[in-house]
>>> print(open('entry-v8.cif').read())   # mmCIF, C-alpha atoms
data_model
loop_
_atom_site.label_atom_id
_atom_site.label_comp_id
_atom_site.auth_asym_id
_atom_site.auth_seq_id
_atom_site.Cartn_x
_atom_site.Cartn_y
_atom_site.Cartn_z
CA ALA A 1 65.98 112.08 107.00
CA PHE A 2 68.93 113.51 105.07
CA LEU A 3 71.28 111.69 107.47
CA LEU A 4 70.20 108.31 106.16
CA THR A 5 71.53 106.39 103.21
CA MET A 6 69.38 104.18 101.01
CA SER A 7 70.16 101.27 103.32
CA GLY A 8 68.86 103.15 106.34
CA ARG A 9 72.28 103.56 107.97
CA ALA A 10 73.41 106.92 109.26
CA ASN A 11 75.70 108.71 106.84
CA PRO A 12 78.94 109.09 108.88
CA ALA A 13 80.15 112.11 106.91
CA ALA A 14 76.85 113.93 107.44
CA VAL A 15 76.78 113.11 111.16
CA ALA A 16 80.40 114.20 111.61
CA GLN A 17 79.51 117.49 109.93
CA LEU A 18 76.63 118.02 112.37
CA TYR A 19 79.00 117.54 115.30
CA THR A 20 81.42 119.97 113.67
CA LYS A 21 78.69 122.60 113.52
CA ALA A 22 77.79 121.94 117.16
CA LEU A 23 81.43 122.31 118.19
CA GLU A 24 81.72 125.56 116.28
CA LEU A 25 79.01 126.88 118.60
CA ASP A 26 80.57 125.38 121.74
CA PRO A 27 83.97 123.67 121.41
CA THR A 28 83.93 122.60 125.08
CA ILE A 29 81.43 119.77 124.65
CA GLY A 30 83.57 116.72 125.40
CA VAL A 31 80.96 114.17 124.37
CA ALA A 32 80.62 115.85 120.98
CA HIS A 33 84.35 115.40 120.36
CA TYR A 34 84.01 111.77 121.43
CA ASN A 35 81.05 111.10 119.14
CA ARG A 36 82.64 112.86 116.17
CA ALA A 37 85.83 110.83 116.72
CA ALA A 38 83.87 107.60 116.32
CA TYR A 39 82.50 108.78 112.97
CA TYR A 40 85.94 109.94 111.85
CA GLN A 41 87.19 106.42 112.57
CA GLU A 42 84.43 104.98 110.42
CA LEU A 43 85.43 107.37 107.63
CA GLY A 44 89.09 106.39 107.91
CA GLU A 45 90.09 109.86 109.15
CA LYS A 46 92.59 108.40 111.59
CA GLN A 47 94.44 111.50 112.74
CA LYS A 48 91.22 113.51 113.14
CA ALA A 49 89.76 110.71 115.26
CA LEU A 50 92.85 110.69 117.46
CA GLU A 51 92.71 114.45 118.02
CA ASP A 52 89.01 114.36 118.90
CA TYR A 53 89.47 111.57 121.45
CA LYS A 54 92.30 113.54 123.03
CA ALA A 55 90.13 116.66 123.09
CA ALA A 56 87.30 114.78 124.79
CA ILE A 57 89.67 113.57 127.53
CA ALA A 58 91.18 117.03 127.96
CA LEU A 59 87.67 118.38 128.49
CA GLY A 60 87.04 115.87 131.28
CA PHE A 61 85.10 113.23 129.34
CA THR A 62 87.11 110.31 130.69
CA LYS A 63 84.89 107.25 130.58
CA ALA A 64 86.37 103.89 129.68
CA ASP A 65 84.74 104.10 126.24
CA VAL A 66 86.85 107.16 125.38
CA TYR A 67 90.09 105.36 126.15
CA VAL A 68 88.92 102.36 124.11
CA GLY A 69 88.31 104.73 121.21
CA LEU A 70 91.66 106.47 121.69
CA ALA A 71 93.42 103.10 121.79
CA GLY A 72 91.69 102.16 118.55
CA ALA A 73 92.85 105.38 116.94
CA TYR A 74 96.44 104.72 117.96
CA ARG A 75 96.12 101.14 116.66
CA ASP A 76 94.83 102.41 113.31
CA LEU A 77 97.88 104.68 113.08
CA GLY A 78 100.21 101.77 113.79
CA GLN A 79 101.18 103.03 117.25
CA ASN A 80 100.67 99.75 119.07
CA GLU A 81 102.38 100.63 122.36
CA ALA A 82 100.22 103.73 122.78
CA ALA A 83 97.18 101.64 121.92
CA LEU A 84 97.99 99.05 124.59
CA LYS A 85 98.54 101.76 127.22
CA ASN A 86 95.10 103.22 126.54
CA PHE A 87 93.39 99.84 126.54
CA ALA A 88 94.97 99.37 129.99
CA LYS A 89 93.55 102.74 131.12
CA ALA A 90 90.09 101.73 129.91
CA LEU A 91 90.28 98.44 131.79
CA ALA A 92 91.53 100.18 134.93
CA LEU A 93 88.32 102.23 134.85
CA ASP A 94 86.11 99.29 133.90
CA PRO A 95 87.78 95.84 134.31
CA GLY A 96 84.79 94.12 132.71
CA HIS A 97 84.70 96.28 129.58
CA ALA A 98 84.05 93.64 126.92
CA PHE A 99 85.04 95.76 123.94
CA ALA A 100 88.29 96.86 125.58
CA HIS A 101 89.21 93.21 126.10
CA ASN A 102 88.09 92.23 122.60
CA ASN A 103 89.88 95.08 120.86
CA ARG A 104 93.09 94.63 122.84
CA GLY A 105 92.88 90.93 122.08
CA ALA A 106 92.57 91.77 118.38
CA LEU A 107 95.78 93.79 118.64
CA TYR A 108 97.56 90.88 120.32
CA LEU A 109 96.16 88.64 117.58
CA ARG A 110 97.60 90.91 114.90
CA ASN A 111 100.98 90.66 116.64
CA LYS A 112 100.65 86.85 116.79
CA GLU A 113 100.62 86.88 120.60
CA TYR A 114 97.95 84.22 120.59
CA ASP A 115 97.84 83.30 124.28
CA LYS A 116 97.44 86.94 125.34
CA ALA A 117 94.77 87.36 122.69
CA ILE A 118 92.83 84.31 123.88
CA ALA A 119 92.99 85.54 127.49
CA ASP A 120 91.43 88.85 126.44
CA PHE A 121 88.75 87.20 124.32
CA ASN A 122 87.90 84.92 127.25
CA ALA A 123 87.56 87.98 129.49
CA ALA A 124 85.32 89.67 126.93
CA LEU A 125 83.09 86.60 126.68
CA ASN A 126 82.85 86.32 130.47
CA THR A 127 80.94 89.59 130.55
CA SER A 128 79.20 89.67 127.17
CA THR A 129 78.30 87.18 124.47
CA PHE A 130 78.99 88.60 121.02
CA ALA A 131 79.98 87.03 117.76
CA MET A 132 83.08 89.14 117.11
CA ALA A 133 84.83 87.86 120.24
CA TYR A 134 84.08 84.27 119.24
CA MET A 135 85.37 84.86 115.72
CA ASN A 136 88.49 86.58 117.02
CA ARG A 137 89.16 83.79 119.50
CA GLY A 138 88.67 81.32 116.65
CA ASP A 139 91.34 83.18 114.67
CA ALA A 140 93.69 83.01 117.67
CA TYR A 141 93.15 79.27 118.05
CA ALA A 142 93.78 78.90 114.32
CA GLY A 143 97.05 80.79 114.78
CA LYS A 144 98.01 78.17 117.36
CA LYS A 145 96.92 75.45 114.89
CA ASP A 146 94.23 74.32 117.32
CA TYR A 147 91.77 74.04 114.46
CA GLN A 148 89.02 72.13 116.25
CA LYS A 149 88.68 74.84 118.90
CA ALA A 150 88.71 77.44 116.13
CA LEU A 151 85.91 75.66 114.28
CA ALA A 152 83.88 75.41 117.50
CA ASP A 153 84.13 79.18 118.02
CA TYR A 154 83.13 79.91 114.43
CA LYS A 155 80.17 77.57 114.88
CA THR A 156 79.06 79.52 117.96
CA ALA A 157 79.47 82.81 116.09
CA GLU A 158 77.44 81.41 113.19
CA GLY A 159 74.61 80.67 115.61
CA ILE A 160 74.63 84.30 116.77
CA ILE A 161 74.90 85.93 113.32
CA PRO A 162 73.90 83.32 110.73
CA ASP A 163 73.66 86.02 108.06
CA GLY A 164 77.13 87.46 108.71
CA PRO A 165 79.59 86.76 105.86
CA ASP A 166 82.66 87.31 108.06
CA VAL A 167 82.26 84.09 110.03
CA TYR A 168 82.09 81.96 106.87
CA ALA A 169 85.07 83.73 105.29
CA ARG A 170 87.17 83.25 108.43
CA ARG A 171 86.19 79.61 108.78
CA GLY A 172 87.03 79.13 105.11
CA LYS A 173 90.58 80.33 105.85
CA VAL A 174 90.90 77.67 108.54
CA TYR A 175 89.64 74.97 106.20
CA LEU A 176 92.36 76.09 103.78
CA LYS A 177 94.97 75.58 106.49
CA MET A 178 93.52 72.15 107.16
CA GLY A 179 93.70 71.23 103.47
CA GLU A 180 89.91 70.96 103.27
CA ASN A 181 89.54 72.78 99.95
CA ALA A 182 85.96 71.72 99.23
CA LYS A 183 84.77 72.99 102.64
CA ALA A 184 86.76 76.19 102.14
CA ILE A 185 85.06 76.78 98.80
CA ALA A 186 81.63 76.07 100.29
CA ASP A 187 82.15 78.60 103.10
CA ALA A 188 83.58 81.18 100.69
CA GLU A 189 80.57 80.81 98.39
CA THR A 190 78.21 81.20 101.37
CA ALA A 191 79.99 84.41 102.39
CA LEU A 192 79.95 85.73 98.82
CA GLY A 193 76.23 85.02 98.61
CA MET A 194 75.87 87.61 101.39
CA ASP A 195 78.57 90.01 100.19
CA GLN A 196 79.87 89.55 96.64
CA ARG A 197 82.85 91.81 97.31
CA ASP A 198 84.14 90.25 100.54
CA PRO A 199 87.94 90.19 99.97
CA THR A 200 88.64 87.41 102.47
CA ALA A 201 86.01 85.16 100.92
CA LEU A 202 87.30 85.89 97.41
CA ASP A 203 90.84 85.07 98.52
CA VAL A 204 89.71 81.81 100.12
CA LEU A 205 87.72 80.85 97.01
CA ALA A 206 90.60 81.66 94.66
CA THR A 207 93.23 79.86 96.76
CA ALA A 208 91.10 76.75 97.31
CA ALA A 209 90.20 76.62 93.62
CA TRP A 210 93.88 76.94 92.65
CA ARG A 211 94.87 74.15 95.02
CA SER A 212 92.08 72.02 93.59
CA GLY A 213 93.41 72.52 90.07
CA ASP A 214 90.57 74.79 88.95
CA GLN A 215 92.66 77.62 87.50
CA LEU A 216 89.76 79.29 85.70
CA ARG A 217 87.77 79.59 88.91
CA ALA A 218 90.83 80.88 90.73
CA GLU A 219 91.43 83.45 87.99
CA ASP A 220 87.81 84.62 88.13
CA ALA A 221 87.92 84.97 91.93
CA PHE A 222 91.15 86.99 91.89
CA LYS A 223 89.71 89.23 89.17
CA ARG A 224 86.69 89.85 91.38
CA TYR A 225 89.02 90.51 94.31
CA ALA A 226 90.94 93.08 92.24
CA ALA A 227 87.69 94.79 91.26
CA ALA A 228 86.48 94.85 94.87
CA SER A 229 89.82 96.07 96.28
CA PRO A 230 91.42 98.16 93.50
CA ALA A 231 94.11 99.58 95.79
CA GLU A 232 95.54 96.16 96.73
CA ALA A 233 98.48 94.59 94.90
CA TYR A 234 97.80 91.09 96.26
CA PRO A 235 95.18 89.89 93.73
CA TYR A 236 97.30 91.12 90.81
CA VAL A 237 100.34 89.24 92.14
CA ASN A 238 98.29 86.06 92.20
CA LEU A 239 96.82 86.70 88.77
CA ALA A 240 100.37 87.07 87.46
CA ILE A 241 101.25 83.66 88.96
CA ILE A 242 98.19 82.08 87.33
CA TYR A 243 98.91 83.62 83.92
CA ASP A 244 102.58 82.68 84.11
CA ASN A 245 101.62 79.12 84.93
CA GLN A 246 99.29 79.13 81.91
CA LYS A 247 102.09 80.49 79.66
CA ARG A 248 100.10 83.69 79.05
CA ALA A 249 103.14 85.93 79.28
CA ASP A 250 101.53 89.21 78.20
CA LEU A 251 98.77 88.94 80.79
CA ALA A 252 101.25 87.91 83.49
CA VAL A 253 103.41 90.97 82.78
CA GLU A 254 100.35 93.24 82.72
CA ALA A 255 99.06 91.93 86.06
CA LEU A 256 102.44 92.15 87.78
CA ALA A 257 102.99 95.67 86.42
CA LYS A 258 99.73 96.70 88.12
CA ALA A 259 100.92 95.13 91.37
CA VAL A 260 104.22 97.04 91.18
CA LYS A 261 102.36 100.29 90.57
CA LEU A 262 100.16 99.68 93.62
CA ALA A 263 103.06 98.56 95.84
CA PRO A 264 106.16 100.48 94.66
CA GLN A 265 108.00 99.62 97.88
CA ARG A 266 107.92 95.92 96.94
CA THR A 267 111.30 95.57 95.26
CA ASP A 268 110.79 91.81 95.03
CA LEU A 269 107.80 92.37 92.75
CA LYS A 270 109.72 94.77 90.52
CA GLU A 271 112.52 92.23 90.21
CA LYS A 272 110.03 89.51 89.23
CA LEU A 273 108.49 91.90 86.72
CA ALA A 274 111.91 92.59 85.20
CA LYS A 275 112.51 88.85 84.80
CA MET A 276 109.09 88.35 83.21
CA GLN A 277 109.65 91.26 80.84
CA ALA A 278 113.01 89.84 79.79
CA GLY A 279 111.45 86.43 79.26
CA SER A 280 108.72 87.89 77.07
CA GLY A 281 111.24 89.80 74.96
CA ASP A 282 110.72 93.31 76.33
CA VAL A 283 114.37 93.84 77.23
CA LYS A 284 114.11 97.64 77.36
CA ALA A 285 111.38 97.55 80.01
CA SER A 286 113.31 94.90 81.92
CA GLU A 287 116.49 96.96 81.85
CA SER A 288 114.59 100.03 83.02
CA ASN A 289 113.16 98.24 86.04
CA LEU A 290 116.51 96.70 86.94
CA SER A 291 118.16 100.12 86.66
CA ASP A 292 115.51 101.52 89.01
CA LEU A 293 116.30 98.79 91.53
CA ILE A 294 120.06 99.37 91.31
CA SER A 295 119.77 103.17 91.52
CA GLY A 296 117.45 102.71 94.49
CA GLY A 297 120.20 101.00 96.44
CA GLY A 298 119.92 97.42 95.24
CA LYS A 299 123.56 96.37 94.89
CA GLU A 300 123.01 92.62 94.84
CA PRO A 301 125.16 90.95 92.17
CA ARG A 302 122.15 89.19 90.66
CA LEU A 303 120.61 92.56 89.70
CA TYR A 304 123.73 93.53 87.76
CA TYR A 305 123.83 90.06 86.20
CA TYR A 306 120.19 90.22 85.08
CA ARG A 307 120.68 93.72 83.68
CA ALA A 308 123.79 92.56 81.85
CA ARG A 309 121.72 89.87 80.17
CA THR A 310 119.10 92.38 79.03
CA ARG A 311 121.81 94.71 77.75
CA PHE A 312 123.46 91.84 75.91
CA GLU A 313 120.14 91.03 74.21
CA ALA A 314 119.77 94.70 73.27
CA GLU A 315 123.33 94.63 71.87
CA ASP A 316 124.51 97.14 74.46
CA TYR A 317 127.76 95.26 74.95
CA LYS A 318 129.53 98.10 76.71
CA GLY A 319 126.79 98.27 79.36
CA ALA A 320 126.72 94.48 79.67
CA GLU A 321 130.48 94.38 80.18
CA ALA A 322 130.31 97.04 82.91
CA ASP A 323 127.55 95.13 84.75
CA LEU A 324 129.33 91.79 84.55
CA LYS A 325 132.51 93.33 85.93
CA GLU A 326 130.46 94.72 88.83
CA VAL A 327 129.28 91.17 89.55
CA LEU A 328 132.84 89.85 89.51
CA LYS A 329 133.96 92.49 91.99
CA ILE A 330 131.53 90.92 94.47
CA THR A 331 131.73 87.27 93.38
CA PRO A 332 135.04 86.90 91.54
CA ASP A 333 134.69 83.15 90.96
CA SER A 334 131.23 83.16 89.34
CA PRO A 335 131.54 80.84 86.32
CA ASP A 336 128.25 81.99 84.74
CA THR A 337 129.40 85.59 84.92
CA MET A 338 132.81 84.82 83.43
CA ILE A 339 131.27 82.85 80.57
CA SER A 340 128.84 85.72 79.91
CA LEU A 341 131.68 88.22 79.91
CA SER A 342 133.73 86.04 77.56
CA LEU A 343 130.76 86.13 75.15
CA VAL A 344 130.75 89.93 75.38
CA PHE A 345 134.45 89.92 74.49
CA LEU A 346 133.79 87.66 71.51
CA ARG A 347 130.89 89.80 70.28
CA THR A 348 133.04 92.92 70.44
CA GLY A 349 135.94 91.46 68.46
CA ARG A 350 138.17 90.61 71.40
CA ARG A 351 138.48 86.96 70.53
CA SER A 352 141.69 86.18 72.40
CA GLU A 353 140.41 87.83 75.59
CA GLY A 354 137.13 85.94 75.32
CA LEU A 355 138.79 82.58 74.81
CA GLU A 356 141.31 83.21 77.55
CA LEU A 357 138.62 84.18 80.05
CA ALA A 358 136.50 81.18 79.10
CA SER A 359 139.46 78.89 79.67
CA SER A 360 140.03 80.45 83.09
CA VAL A 361 136.64 79.13 84.16
CA ILE A 362 138.17 75.67 83.87
CA ASP A 363 141.63 76.26 85.31
CA THR A 364 140.50 79.06 87.69
CA LYS A 365 143.76 81.01 87.71
CA PRO A 366 143.05 84.33 89.44
CA LYS A 367 146.16 85.92 88.00
CA LYS A 368 144.94 85.31 84.47
CA ARG A 369 141.57 86.93 85.20
CA LYS A 370 143.27 89.86 86.88
CA SER A 371 145.46 90.42 83.84
CA LEU A 372 142.32 90.74 81.74
CA GLY A 373 140.98 93.53 83.94
CA VAL A 374 138.09 91.37 85.12
CA ILE A 375 138.89 91.55 88.85
#
>>> encode(input="entry-v8.cif", output="structure tokens")
Amino acid sequence: AFLLTMSGRANPAAVAQLYTKALELDPTIGVAHYNRAAYYQELGEKQKALEDYKAAIALGFTKADVYVGLAGAYRDLGQNEAALKNFAKALALDPGHAFAHNNRGALYLRNKEYDKAIADFNAALNTSTFAMAYMNRGDAYAGKKDYQKALADYKTAEGIIPDGPDVYARRGKVYLKMGENAKAIADAETALGMDQRDPTALDVLATAAWRSGDQLRAEDAFKRYAAASPAEAYPYVNLAIIYDNQKRADLAVEALAKAVKLAPQRTDLKEKLAKMQAGSGDVKASESNLSDLISGGGKEPRLYYYRARTRFEAEDYKGAEADLKEVLKITPDSPDTMISLSLVFLRTGRRSEGLELASSVIDTKPKKRKSLGVI
């Protein structure tokens, strides 16, 4: 009884621990490695799952199911070629293995190889009728913009699992692509009635509401999405867009700052954040983020130009001058940059230099700019 949760499902961590104890007594039980691997996958222990599947095979447990599991482990680790090789091994052992076809098709679907995906889903459905294959094939048809076939597959899946939120969330995404916002909202609400935290349904609801002009509903849905998926930057990015559109600058900056923290590799988000911070008057924070981007290898002239503007606002004229000169090394005929630099000269008491540079924007004499030490 201790293996069961309140919902009656087996507790994967507890079951995995039982297999661990069994393997401590006899590590040569191939099926135990295989079974534990499946629970590790459910727990998100990707590398452990991979090692257990390999151990099962090494011990002679070489059924098609093991290679399907191993392929899934490679897929979860982002090793797609290894995954495809092991799906092929599974299908060589059992050409009619429905889950091997379905799961390989899902990998093709992820890679936007829609025709290959559909062929695999067809093969899966030739041997077994299950909702996931219909939903996946529907997604593949949607990728090909064959929306009527997609809707037909979702309808079939709905008949098999009418209480499954996934089918309504997926169909809602297709309605979004078709511009059918009301139908998308209806499907999203149906899915959320079954699972209030379904991220796909929340995304569909928020996007359809936004497109319908209902910003408050979109905001609420993205807030719920953020609460349901706290490790994802996506809902915060969209909340920032909503707040910016509503002229709620402080909330927009706060939301985008959360997105940047969750996705530090997204330099585009940090650049947007820097612009928002500058626009809301927080020039120090803006300069700090722009400096991070530049020190991280971002040498685009616009980054130097934006930082120069924040430094100018902060009355750091020396820093602004240095940044503007960096821009002019890359784009020597940038009129905006030359005008900005002429203003720096004027602010620092170099009136003749400022006026001369400003005039060069009109007559564009490179020699004159060179004499000023600009290029």
>>> closest_residue(input="entry-v8.cif", among="A:Asp65, A:Asp76, A:Glu24, A:Glu158", to="A:Glu42", atoms="all atoms listed in the file")
A:Asp76
>>> residues_around(input="entry-v8.cif", residues="A:Ala263", least_positions_apart="5", cutoff="10 Å", atoms="only C-alpha atoms", output="count of residues only")
8
>>> resolve_selection(input="entry-v8.cif", expression="the PyMOL selection byres ((chain A and resi 131) around 7)", output="list in words")
Thr129, Phe130, Met132, Ala133, Tyr134, Met135, Ala157, Ile160 and Ile161 of chain A
>>> closest_residue(input="entry-v8.cif", among="A:Leu70, A:Leu205, A:Leu176, A:Ala169", to="A:Gln47", atoms="all atoms listed in the file")
A:Leu70
>>> resolve_selection(input="entry-v8.cif", expression="the PyMOL selection byres ((chain A and resi 89) around 10)", output="MDAnalysis selection string")
chainID A and resid 62:64 66:68 71 83:88 90:95 100
>>> write_last_selection(input="entry-v8.cif", atoms="C-alpha atoms", output="short mmCIF file (atom, residue, chain, number, x, y, z; two decimals), in the coordinates of the input")
data_model
loop_
_atom_site.label_atom_id
_atom_site.label_comp_id
_atom_site.auth_asym_id
_atom_site.auth_seq_id
_atom_site.Cartn_x
_atom_site.Cartn_y
_atom_site.Cartn_z
CA THR A 62 87.11 110.31 130.69
CA LYS A 63 84.89 107.25 130.58
CA ALA A 64 86.37 103.89 129.68
CA VAL A 66 86.85 107.16 125.38
CA TYR A 67 90.09 105.36 126.15
CA VAL A 68 88.92 102.36 124.11
CA ALA A 71 93.42 103.10 121.79
CA ALA A 83 97.18 101.64 121.92
CA LEU A 84 97.99 99.05 124.59
CA LYS A 85 98.54 101.76 127.22
CA ASN A 86 95.10 103.22 126.54
CA PHE A 87 93.39 99.84 126.54
CA ALA A 88 94.97 99.37 129.99
CA ALA A 90 90.09 101.73 129.91
CA LEU A 91 90.28 98.44 131.79
CA ALA A 92 91.53 100.18 134.93
CA LEU A 93 88.32 102.23 134.85
CA ASP A 94 86.11 99.29 133.90
CA PRO A 95 87.78 95.84 134.31
CA ALA A 100 88.29 96.86 125.58
#
>>> resolve_selection(input="entry-v8.cif", expression="the PyMOL selection byres ((chain A and resi 339-355) around 9)", output="list in words")
Ala308, Arg309, Phe312, Tyr317, Lys318, Ala320, Glu321, Leu324, Lys325, Ser334, Pro335, Asp336, Thr337, Met338, Glu356, Leu357, Ala358, Ser359, Ser360, Val361, Leu372 and Val374 of chain A
>>> atom_distance(input="entry-v8.cif", atom1="atom CA of A:Leu251", atom2="atom CA of A:Asn238")
11.8 Å
>>> closest_residue(input="entry-v8.cif", among="A:Val167, A:Ala240, A:Ala218, A:Leu293", to="A:Pro264", atoms="all atoms listed in the file")
A:Leu293
>>> atom_distance(input="entry-v8.cif", atom1="atom CA of A:Val327", atom2="atom CA of A:Asp282")
22.9 Å
>>> closest_residue(input="entry-v8.cif", among="A:Ala249, A:Ala73, A:Ile185, A:Leu125", to="A:His97", atoms="all atoms listed in the file")
A:Leu125
>>> atom_distance(input="entry-v8.cif", atom1="atom CA of A:Ala37", atom2="atom CA of A:Ala16")
8.2 Å
>>> closest_residue(input="entry-v8.cif", among="A:Ala117, A:Gly159, A:Lys183, A:Met178", to="A:Tyr147", atoms="only C-alpha atoms")
A:Met178
>>> residues_around(input="entry-v8.cif", residues="A:Arg307", least_positions_apart="3", cutoff="9 Å", atoms="only C-alpha atoms", output="PyMOL selection string")
chain A and resi 274+286-288+290-291+302-304+310-312+319-320+323-324
>>> closest_residue(input="entry-v8.cif", among="A:Phe121, A:Tyr243, A:Tyr305, A:Tyr74", to="A:Tyr108", atoms="only C-alpha atoms")
A:Phe121
>>> residues_around(input="entry-v8.cif", residues="A:Pro162", least_positions_apart="5", cutoff="12 Å", atoms="all atoms listed in the file", output="PyMOL selection string")
chain A and resi 131+154-157+167-168+190-191+194
>>> residues_around(input="entry-v8.cif", residues="A:Ala140", least_positions_apart="6", cutoff="10 Å", atoms="all atoms listed in the file", output="mmCIF file with C-alpha atoms, in the frame of the given file")
data_model
loop_
_atom_site.group_PDB
_atom_site.id
_atom_site.type_symbol
_atom_site.label_atom_id
_atom_site.label_comp_id
_atom_site.auth_asym_id
_atom_site.auth_seq_id
_atom_site.Cartn_x
_atom_site.Cartn_y
_atom_site.Cartn_z
ATOM 1 C CA GLY A 105 92.880 90.930 122.080
ATOM 2 C CA ALA A 106 92.570 91.770 118.380
ATOM 3 C CA TYR A 108 97.560 90.880 120.320
ATOM 4 C CA LEU A 109 96.160 88.640 117.580
ATOM 5 C CA ARG A 110 97.600 90.910 114.900
ATOM 6 C CA LYS A 112 100.650 86.850 116.790
ATOM 7 C CA GLU A 113 100.620 86.880 120.600
ATOM 8 C CA TYR A 114 97.950 84.220 120.590
ATOM 9 C CA ASP A 115 97.840 83.300 124.280
ATOM 10 C CA LYS A 116 97.440 86.940 125.340
ATOM 11 C CA ALA A 117 94.770 87.360 122.690
ATOM 12 C CA ILE A 118 92.830 84.310 123.880
ATOM 13 C CA PHE A 121 88.750 87.200 124.320
ATOM 14 C CA TYR A 134 84.080 84.270 119.240
ATOM 15 C CA ASP A 146 94.230 74.320 117.320
ATOM 16 C CA TYR A 147 91.770 74.040 114.460
ATOM 17 C CA LYS A 149 88.680 74.840 118.900
ATOM 18 C CA ALA A 150 88.710 77.440 116.130
#
>>> axis_aligned_box(input="entry-v8.cif", around="stretch 342-351 of chain A", padding_each_side="8 Å", output="lines of an AutoDock Vina configuration file")
center_x = 134.6
center_y = 89.5
center_z = 73.0
size_x = 23.7
size_y = 22.9
size_z = 25.1
